Amino acid sequence: MRLTFSGGVHPREAKDATKALPIEAFEAPQVLVVPLLQHIGAPARAAVKAGDKVAKGETIGEPGGFISAAVHAPVSGTVSAVEPRLGPGGRKIMAVVIENDGEDRWADGTNVKRDTSSLDADTIRNIASDAGLVGMGGAAFPTHVKLSPPDNKPIELLLVNGAECEPFLTADHRLMLEEPERIAFGAQLAARAVSAARIIFALEDNKPDAAETLEKAASKIPSATVVTLPTRYPQGAEKQLIEAVTGRQVPSGGLPMDVGVLVQNVGTCAALQDACAFNVPLIERITTVTGPSAGRPANLRVRIGTLYEALFERVGFAGAPRRIVMGGPMMGMAQGSVEVPVTKGTSGIVLLDSVPGDVWRACIRCGKCVRACPVSIVPSQISVFLERGYVDEANEIDMLDCIECGCCTYVCPARRPIVNWIKAGKAELAERRAREREGAK
Amino acid sequence: MSQGEDLSRLSVATSPHIREEEDISAIMWWVVAALTPAALFGVWNFGWYAAAVVVVAVVSAAVAEALWQRICGTAVMISDGSAVVTGLLVGLVLPPSVPLYVPMVASGVGVLIGKQLFGGLGCNIWNPALVGRAFVQIAYPQHVTLSVWPVLRGSSLSRVLQDVRHAGDGSAAHEVVLGATPLAEQAVGSLAATDGVAEAMYPSVWALFLGNIPGSIGETSALLLLIGGLFLIWKGYINWKVPAVFLGTLFLFAAFVPTWKIPTGEDIVAPSWWFFGMYQIFAGGAVIGAFFMATDMVTTPITSSGQVIFALGCALITALIRLVGHGFPEGVAYSILLMNTATPVIDRYTRPRTYGTVKK
Ligand code: SF4
Ligand code: SF4
């Protein structure tokens, strides 16, 4: 049986520039800007103030609730400010600005080996929380929350996501190739945390070398297998990956745990092993800096809080970039400035030399978006409704099931900004519901 | 910045940041390309006048579109090829003998009333080319259905059979046979064996397939239409199920429903089911309709299952019109127009099941 999901597209992969380049350590810059909101959920609360000395790995932001994540100092040095700074979302968010002392002095108790064999589920969850782990595939959902399914939702399978289906990005690919043991080790800990009986590592068939190394690492785990999936975007989207590997569909509005599955990105698994085995919090990540306007594309191991401009000094430009995207070109976020920091969810930085036009036409009902939509809604019809402002009508035909993958917009020969309209439509619905709740009070 | 690149004008917009290359005009011009072999064959088969008809149709469609867009003050979109497709189809479904104002009127009506009045490309309900064709059929029946030689061109089967009965009398046989289209000739031919009319009077299935037979300019060569159609299937522009279901159903209907008994109940010597089926498919506008009109993106259902229903409906209506529709020509054009009308309803009932939901 061919493992696959329905719909999807196959954009030019554009991974050749970096897929063969080993991960390079990027030296921590002089000044780091560490946002207190790098995840989905409540912002962290600053635990330091201007003038404080911090050690590497020290907590500088406490979780602002259950669905939140701690933030740590990526270097040792002095806090020069706690103030709003430009974040990758284009808005100013609270950030801790750290003057790097260049000593890389670890905080007490961090970076020390710990025996993981006796760690129980609760402890693993707490470690994940304390280490500020979030999903590193891009969504940045707090990991300890995902590791805490309610008792009535038993997890049967841990799906380790190495699909990396976005064009251009190769950070996960290199990680799987160079450090598969970290991933395998972390996956076992994650499986233990949720009592999952099986582990499946899933990746696409455009990374056969990584499949091989993972296979080797996984062979030491009795309950683990590696599956290779035909390359297609958005394979790495949770619901699509689950469908491809297990044939199950997560109920509309539900979560993977509703079908007994937990999905974790390979990078998150590696970070979980660092946290559990060495008490190292999430202060760095691998990010691919690439694209047609990148001079010397690279896979870099970067401290969280490093500004893009520092990375660009290293990578250089090949002509002026027209657009700088955090993440992949299908779902990533365009940045209006180079003074934006790398965050826990920065899987890549793509420098594009051209951008799509903004002239669109009436839908010619070619059906390409319908065939491409991985959740089998009818983007064309939804777009026709939303174009006229009919949010309720769009909602009636399952607008809210859209995963915002962008496939519809990518293929549309009429150049209709369908997913943009859907995002706006969802926002309007949410706003209206919030207002109704207000009114009810 | 050390590299000195200008980073002050970064463009910011929401994802996705890349697009597939193919746009509307790419699709339209490939459709034009797919129709070109059949059009060239039409010119070869019918002569230069046929070329004039097609050119007038295409130019009129383009001019009508440009004028309309100029008058409305919207961007002129001739280069997107959509008006050219309409004009080309109009030209190809007209008989080669029509006066040149007929393609002009047909294209004008198709583009202006069939498309622009609804709001332009994408907003129309009916296939513009067929709207144009239907209009001139009503406005100039003498030219469109009864032009020089296809006397029985597009006649419903009952008409054919009446004429055939005349032929059986021996009185009118010669004229009728001379003027007969293949659809008529098949019946005549089957009689020929008994009545002594020369067998050469009707074409073989092979000739029908290749296309050196009477008919509209671009509809006769099943072979070349098939090649163009397969190309569009390969490009992913049309769903193979549409022509398959359309032509397959028509074939089965023609081959196995005892049509020759329907009008009068009299027995007329029947051709073999194979001949009858093949003639129904290849002798008229069914092939061009099934590949190039029942697959029109704008006016047919958007999902594959909806398209199958659409094709099935077209085939049944075509068969019905050919069987019992007195005075109605052909059937293909009207069946498609009728099914166009049903498209929104078909769309509503064939919406796919959303991921993670149970079919309502
Ligand atoms: S409608 Fe949503 S889920 Fe479907 S293709 Fe478009 S963006 Fe993706
Ligand atoms: S891809 Fe664009 S033109 Fe085609 S059906 Fe979808 S919205 Fe319409």
# chains A, B, ... in the order shown; residues from 1 in each chain; ligands from 1
>>> residues_near_ligand(ligand="ligand 2", cutoff="8 Å", atoms="only C-alpha atoms and all ligand atoms", output="list of chain:residue names")
A:Ala362, A:Cys363, A:Ile364, A:Arg365, A:Cys366, A:Gly367, A:Lys368, A:Cys369, A:Val370, A:Val378, A:Pro379, A:Ser380, A:Gln381, A:Ser383, A:Val384, A:Cys408, A:Thr409, A:Val411, A:Cys412, A:Pro413, A:Ala414, A:Arg415, A:Arg416, A:Ile418, B:Ile24, B:Ile302
>>> interface_residues(of="chain A", to="chain B", cutoff="7 Å", atoms="only C-alpha atoms", output="MDAnalysis selection string")
chainID A and resid 249:252 313 316:317 320 322:323 329:336 355:356 362:367 375:377 406 410:411 413:414 420
>>> select_by_dssp(residues="segment 72-183 of chain A", states="strand (DSSP E)", output="list in words")
His72, Gly77, Thr78, Val79, Ser80, Ala81, Val82, Glu83, Pro84, Arg85, Leu86, Lys92, Ile93, Met94, Ala95, Val96, Val97, Ile98, Glu99, Asn100, Leu157, Leu158, Leu159, Val160, Asn161 and Gly162 of chain A
>>> residues_around(residues="segment 424-440 of chain A", least_positions_apart="6", cutoff="9 Å", atoms="only C-alpha atoms", output="number ranges by chain")
A: 386, 389-392, 394-395, 399-400
>>> write_last_selection(atoms="all heavy atoms", output="compact mmCIF listing (two decimals), in the first residue's frame")
# COMPACT_ATOMS: atom_id res chain seq x y z
N LEU A 386 -16.08 34.40 0.35
CA LEU A 386 -15.33 35.37 1.15
C LEU A 386 -15.04 36.65 0.37
O LEU A 386 -14.99 37.74 0.94
CB LEU A 386 -14.02 34.74 1.65
CG LEU A 386 -14.21 33.62 2.68
CD1 LEU A 386 -12.87 33.00 3.02
CD2 LEU A 386 -14.89 34.14 3.93
N GLY A 389 -17.61 38.77 1.08
CA GLY A 389 -17.84 39.03 2.50
C GLY A 389 -18.83 38.09 3.17
O GLY A 389 -19.30 38.36 4.27
N TYR A 390 -19.15 36.97 2.51
CA TYR A 390 -20.11 36.02 3.10
C TYR A 390 -19.39 35.03 4.00
O TYR A 390 -19.20 33.87 3.64
CB TYR A 390 -20.86 35.25 2.01
CG TYR A 390 -21.68 36.11 1.06
CD1 TYR A 390 -22.09 35.60 -0.16
CD2 TYR A 390 -22.04 37.42 1.39
CE1 TYR A 390 -22.85 36.37 -1.04
CE2 TYR A 390 -22.80 38.20 0.52
CZ TYR A 390 -23.19 37.66 -0.69
OH TYR A 390 -23.93 38.41 -1.56
N VAL A 391 -19.04 35.48 5.20
CA VAL A 391 -18.26 34.62 6.09
C VAL A 391 -19.09 33.42 6.58
O VAL A 391 -18.59 32.30 6.68
CB VAL A 391 -17.73 35.43 7.29
CG1 VAL A 391 -16.95 34.55 8.24
CG2 VAL A 391 -16.87 36.57 6.79
N ASP A 392 -20.37 33.66 6.85
CA ASP A 392 -21.19 32.56 7.37
C ASP A 392 -21.36 31.45 6.34
O ASP A 392 -21.30 30.27 6.66
CB ASP A 392 -22.57 33.09 7.77
CG ASP A 392 -22.46 34.00 8.98
OD1 ASP A 392 -21.84 33.56 9.97
OD2 ASP A 392 -22.94 35.15 8.91
N ALA A 394 -19.31 30.75 3.98
CA ALA A 394 -18.02 30.05 3.89
C ALA A 394 -17.86 29.09 5.06
O ALA A 394 -17.38 27.97 4.92
CB ALA A 394 -16.89 31.06 3.86
N ASN A 395 -18.29 29.54 6.22
CA ASN A 395 -18.19 28.71 7.41
C ASN A 395 -19.03 27.45 7.26
O ASN A 395 -18.63 26.36 7.69
CB ASN A 395 -18.67 29.52 8.62
CG ASN A 395 -18.44 28.80 9.92
OD1 ASN A 395 -17.54 27.98 10.01
ND2 ASN A 395 -19.26 29.09 10.91
N MET A 399 -15.04 26.11 6.20
CA MET A 399 -13.88 26.99 6.17
C MET A 399 -12.94 26.74 7.35
O MET A 399 -11.72 26.79 7.21
CB MET A 399 -14.34 28.45 6.17
CG MET A 399 -13.23 29.46 6.34
SD MET A 399 -13.83 31.15 6.39
CE MET A 399 -14.55 31.23 8.02
N LEU A 400 -13.52 26.46 8.51
CA LEU A 400 -12.69 26.34 9.71
C LEU A 400 -11.81 25.10 9.70
O LEU A 400 -10.89 24.97 10.50
CB LEU A 400 -13.57 26.35 10.97
CG LEU A 400 -14.25 27.68 11.28
CD1 LEU A 400 -15.12 27.57 12.52
CD2 LEU A 400 -13.23 28.80 11.46
>>> atom_distance(atom1="atom CA of Glu62 of chain A", atom2="atom CA of Ala277 of chain A")
21.8 Å
>>> atom_distance(atom1="atom CA of Phe278 of chain A", atom2="atom CA of Asp115 of chain A")
8.8 Å
>>> residues_around(residues="Ile78 of chain B", least_positions_apart="2", cutoff="10 Å", atoms="only C-alpha atoms", output="ChimeraX atom specification")
/B:25,61-66,69,75-76,80-84
>>> write_last_selection(atoms="N, CA and C atoms", output="short mmCIF file (atom, residue, chain, number, x, y, z; two decimals), in the first residue's frame")
data_model
loop_
_atom_site.label_atom_id
_atom_site.label_comp_id
_atom_site.auth_asym_id
_atom_site.auth_seq_id
_atom_site.Cartn_x
_atom_site.Cartn_y
_atom_site.Cartn_z
N SER B 25 -3.96 32.24 -18.79
CA SER B 25 -3.67 32.28 -20.22
C SER B 25 -2.91 31.04 -20.66
N ALA B 61 -14.78 37.10 -31.94
CA ALA B 61 -14.82 36.87 -30.49
C ALA B 61 -13.84 37.80 -29.79
N ALA B 62 -12.64 37.90 -30.35
CA ALA B 62 -11.62 38.74 -29.72
C ALA B 62 -12.04 40.21 -29.75
N VAL B 63 -12.56 40.64 -30.89
CA VAL B 63 -12.96 42.04 -31.02
C VAL B 63 -14.13 42.35 -30.07
N ALA B 64 -15.08 41.43 -30.00
CA ALA B 64 -16.23 41.65 -29.12
C ALA B 64 -15.76 41.80 -27.68
N GLU B 65 -14.84 40.93 -27.28
CA GLU B 65 -14.33 40.98 -25.91
C GLU B 65 -13.59 42.29 -25.64
N ALA B 66 -12.75 42.67 -26.59
CA ALA B 66 -11.96 43.89 -26.40
C ALA B 66 -12.86 45.11 -26.33
N GLN B 69 -14.70 45.21 -22.99
CA GLN B 69 -13.83 45.58 -21.88
C GLN B 69 -13.42 47.04 -21.97
N ALA B 75 -9.77 46.14 -17.56
CA ALA B 75 -8.57 45.77 -18.30
C ALA B 75 -8.94 44.88 -19.47
N VAL B 76 -8.32 45.14 -20.62
CA VAL B 76 -8.56 44.31 -21.79
C VAL B 76 -7.74 43.03 -21.66
N ASP B 80 -5.36 36.70 -22.61
CA ASP B 80 -5.56 35.49 -21.79
C ASP B 80 -6.11 34.34 -22.61
N GLY B 81 -6.48 34.61 -23.84
CA GLY B 81 -6.84 33.52 -24.74
C GLY B 81 -8.26 32.99 -24.59
N SER B 82 -8.99 33.49 -23.61
CA SER B 82 -10.29 32.87 -23.38
C SER B 82 -11.26 33.19 -24.51
N ALA B 83 -11.21 34.43 -25.03
CA ALA B 83 -12.09 34.76 -26.15
C ALA B 83 -11.69 33.98 -27.40
N VAL B 84 -10.40 33.74 -27.53
CA VAL B 84 -9.93 32.98 -28.69
C VAL B 84 -10.46 31.55 -28.63
#
>>> closest_residue(among="A:Val54, A:Cys165, A:Ala237, A:Ala244", to="ligand 1", atoms="only C-alpha atoms and all ligand atoms")
A:Ala237
>>> residues_around(residues="Pro128 of chain B", least_positions_apart="3", cutoff="9 Å", atoms="only C-alpha atoms", output="JSON, numbers by chain")
{"B": [86, 90, 107, 109, 110, 111, 112, 113, 114, 115, 124, 125, 131, 132, 133]}
>>> write_last_selection(atoms="N, CA, C and O atoms", output="tab-separated table (two decimals), in the first residue's frame")
chain	number	residue	atom	x	y	z
B	86	THR	N	-13.21	30.58	-27.21
B	86	THR	CA	-14.64	30.66	-27.55
B	86	THR	C	-14.82	30.78	-29.06
B	86	THR	O	-15.60	30.05	-29.66
B	90	VAL	N	-16.59	28.13	-31.63
B	90	VAL	CA	-17.72	28.55	-32.45
B	90	VAL	C	-17.45	28.18	-33.91
B	90	VAL	O	-18.29	27.56	-34.58
B	107	SER	N	-20.09	34.31	-32.59
B	107	SER	CA	-19.02	34.66	-31.65
B	107	SER	C	-19.39	35.87	-30.81
B	107	SER	O	-19.15	35.91	-29.61
B	109	VAL	N	-22.39	36.98	-30.01
B	109	VAL	CA	-23.38	36.61	-29.01
B	109	VAL	C	-22.75	35.75	-27.91
B	109	VAL	O	-22.99	35.95	-26.72
B	110	GLY	N	-21.91	34.82	-28.34
B	110	GLY	CA	-21.27	33.94	-27.35
B	110	GLY	C	-20.47	34.72	-26.34
B	110	GLY	O	-20.62	34.54	-25.13
B	111	VAL	N	-19.64	35.63	-26.82
B	111	VAL	CA	-18.77	36.38	-25.92
B	111	VAL	C	-19.56	37.40	-25.10
B	111	VAL	O	-19.40	37.51	-23.88
B	112	LEU	N	-20.44	38.15	-25.79
B	112	LEU	CA	-21.12	39.24	-25.09
B	112	LEU	C	-22.25	38.74	-24.20
B	112	LEU	O	-22.29	39.03	-23.00
B	113	ILE	N	-23.16	37.98	-24.78
B	113	ILE	CA	-24.30	37.52	-24.00
B	113	ILE	C	-23.94	36.28	-23.19
B	113	ILE	O	-24.30	36.13	-22.04
B	114	GLY	N	-23.16	35.40	-23.83
B	114	GLY	CA	-22.83	34.15	-23.15
B	114	GLY	C	-21.86	34.34	-22.00
B	114	GLY	O	-21.86	33.56	-21.05
B	115	LYS	N	-21.00	35.35	-22.08
B	115	LYS	CA	-19.96	35.47	-21.06
B	115	LYS	C	-19.95	36.81	-20.35
B	115	LYS	O	-20.14	36.88	-19.14
B	124	ASN	N	-19.85	33.04	-16.02
B	124	ASN	CA	-20.93	32.62	-16.90
B	124	ASN	C	-21.45	31.24	-16.53
B	124	ASN	O	-20.72	30.40	-16.00
B	125	ILE	N	-22.73	31.04	-16.82
B	125	ILE	CA	-23.36	29.76	-16.49
B	125	ILE	C	-23.26	28.79	-17.65
B	125	ILE	O	-23.05	27.61	-17.48
B	131	VAL	N	-23.64	28.90	-26.56
B	131	VAL	CA	-24.68	29.93	-26.57
B	131	VAL	C	-24.70	30.58	-27.95
B	131	VAL	O	-25.77	30.77	-28.55
B	132	GLY	N	-23.53	30.90	-28.46
B	132	GLY	CA	-23.44	31.51	-29.79
B	132	GLY	C	-23.98	30.58	-30.86
B	132	GLY	O	-24.77	30.98	-31.72
B	133	ARG	N	-23.59	29.34	-30.76
B	133	ARG	CA	-24.03	28.36	-31.75
B	133	ARG	C	-25.56	28.17	-31.69
B	133	ARG	O	-26.23	28.13	-32.71
>>> select_by_dssp(residues="segment 142-342 of chain A", states="helix (DSSP H, G or I)", output="number ranges by chain")
A: 143-146, 171-178, 180-193, 208-218, 238-246, 256-259, 266-278, 308-315
>>> residues_around(residues="Leu32 of chain A", least_positions_apart="5", cutoff="8 Å", atoms="only C-alpha atoms", output="PyMOL selection string")
chain A and resi 97-100+304-307+341
>>> write_last_selection(atoms="N, CA, C and O atoms", output="mmCIF file, in the first residue's frame")
data_model
loop_
_atom_site.group_PDB
_atom_site.id
_atom_site.type_symbol
_atom_site.label_atom_id
_atom_site.label_comp_id
_atom_site.auth_asym_id
_atom_site.auth_seq_id
_atom_site.Cartn_x
_atom_site.Cartn_y
_atom_site.Cartn_z
ATOM 1 N N VAL A 97 16.847 41.625 26.182
ATOM 2 C CA VAL A 97 18.024 41.921 25.364
ATOM 3 C C VAL A 97 19.262 41.625 26.194
ATOM 4 O O VAL A 97 19.397 42.117 27.325
ATOM 5 N N ILE A 98 20.119 40.770 25.672
ATOM 6 C CA ILE A 98 21.288 40.340 26.446
ATOM 7 C C ILE A 98 22.574 40.740 25.737
ATOM 8 O O ILE A 98 22.755 40.497 24.541
ATOM 9 N N GLU A 99 23.440 41.355 26.530
ATOM 10 C CA GLU A 99 24.776 41.725 26.079
ATOM 11 C C GLU A 99 25.651 40.496 26.324
ATOM 12 O O GLU A 99 25.857 40.096 27.470
ATOM 13 N N ASN A 100 26.165 39.889 25.290
ATOM 14 C CA ASN A 100 26.933 38.647 25.402
ATOM 15 C C ASN A 100 28.324 38.937 25.978
ATOM 16 O O ASN A 100 29.044 39.799 25.473
ATOM 17 N N ILE A 304 19.107 31.038 19.953
ATOM 18 C CA ILE A 304 17.846 31.766 19.934
ATOM 19 C C ILE A 304 18.159 33.217 20.290
ATOM 20 O O ILE A 304 18.943 33.487 21.190
ATOM 21 N N GLY A 305 17.561 34.150 19.588
ATOM 22 C CA GLY A 305 17.798 35.565 19.895
ATOM 23 C C GLY A 305 18.807 36.219 18.962
ATOM 24 O O GLY A 305 19.013 37.427 19.014
ATOM 25 N N THR A 306 19.438 35.418 18.101
ATOM 26 C CA THR A 306 20.360 35.980 17.111
ATOM 27 C C THR A 306 19.556 36.748 16.066
ATOM 28 O O THR A 306 18.571 36.228 15.533
ATOM 29 N N LEU A 307 19.956 37.973 15.787
ATOM 30 C CA LEU A 307 19.213 38.742 14.791
ATOM 31 C C LEU A 307 19.562 38.279 13.385
ATOM 32 O O LEU A 307 20.701 37.892 13.110
ATOM 33 N N PRO A 341 14.696 38.526 15.546
ATOM 34 C CA PRO A 341 15.501 37.441 16.094
ATOM 35 C C PRO A 341 15.067 36.051 15.633
ATOM 36 O O PRO A 341 13.901 35.818 15.324
#
>>> closest_residue(among="B:Ser216, B:Ser204, B:Ser79, B:Gln307", to="Val242 of chain B", atoms="only C-alpha atoms")
B:Gln307
>>> residues_around(residues="Phe251 of chain B", least_positions_apart="3", cutoff="10 Å", atoms="only C-alpha atoms", output="list of chain:residue names")
B:Val245, B:Phe246, B:Leu247, B:Gly248, B:Ala254, B:Ala255, B:Phe256, B:Val257, B:Trp273, B:Trp274, B:Phe275, B:Phe276, B:Gly277, B:Met278, B:Tyr279, B:Gln280, B:Ile281, B:Phe282, B:Ala315, B:Ala319
>>> closest_residue(among="A:Asp104, A:Glu156, A:Glu339, A:Glu13", to="Leu262 of chain A", atoms="only C-alpha atoms")
A:Glu156
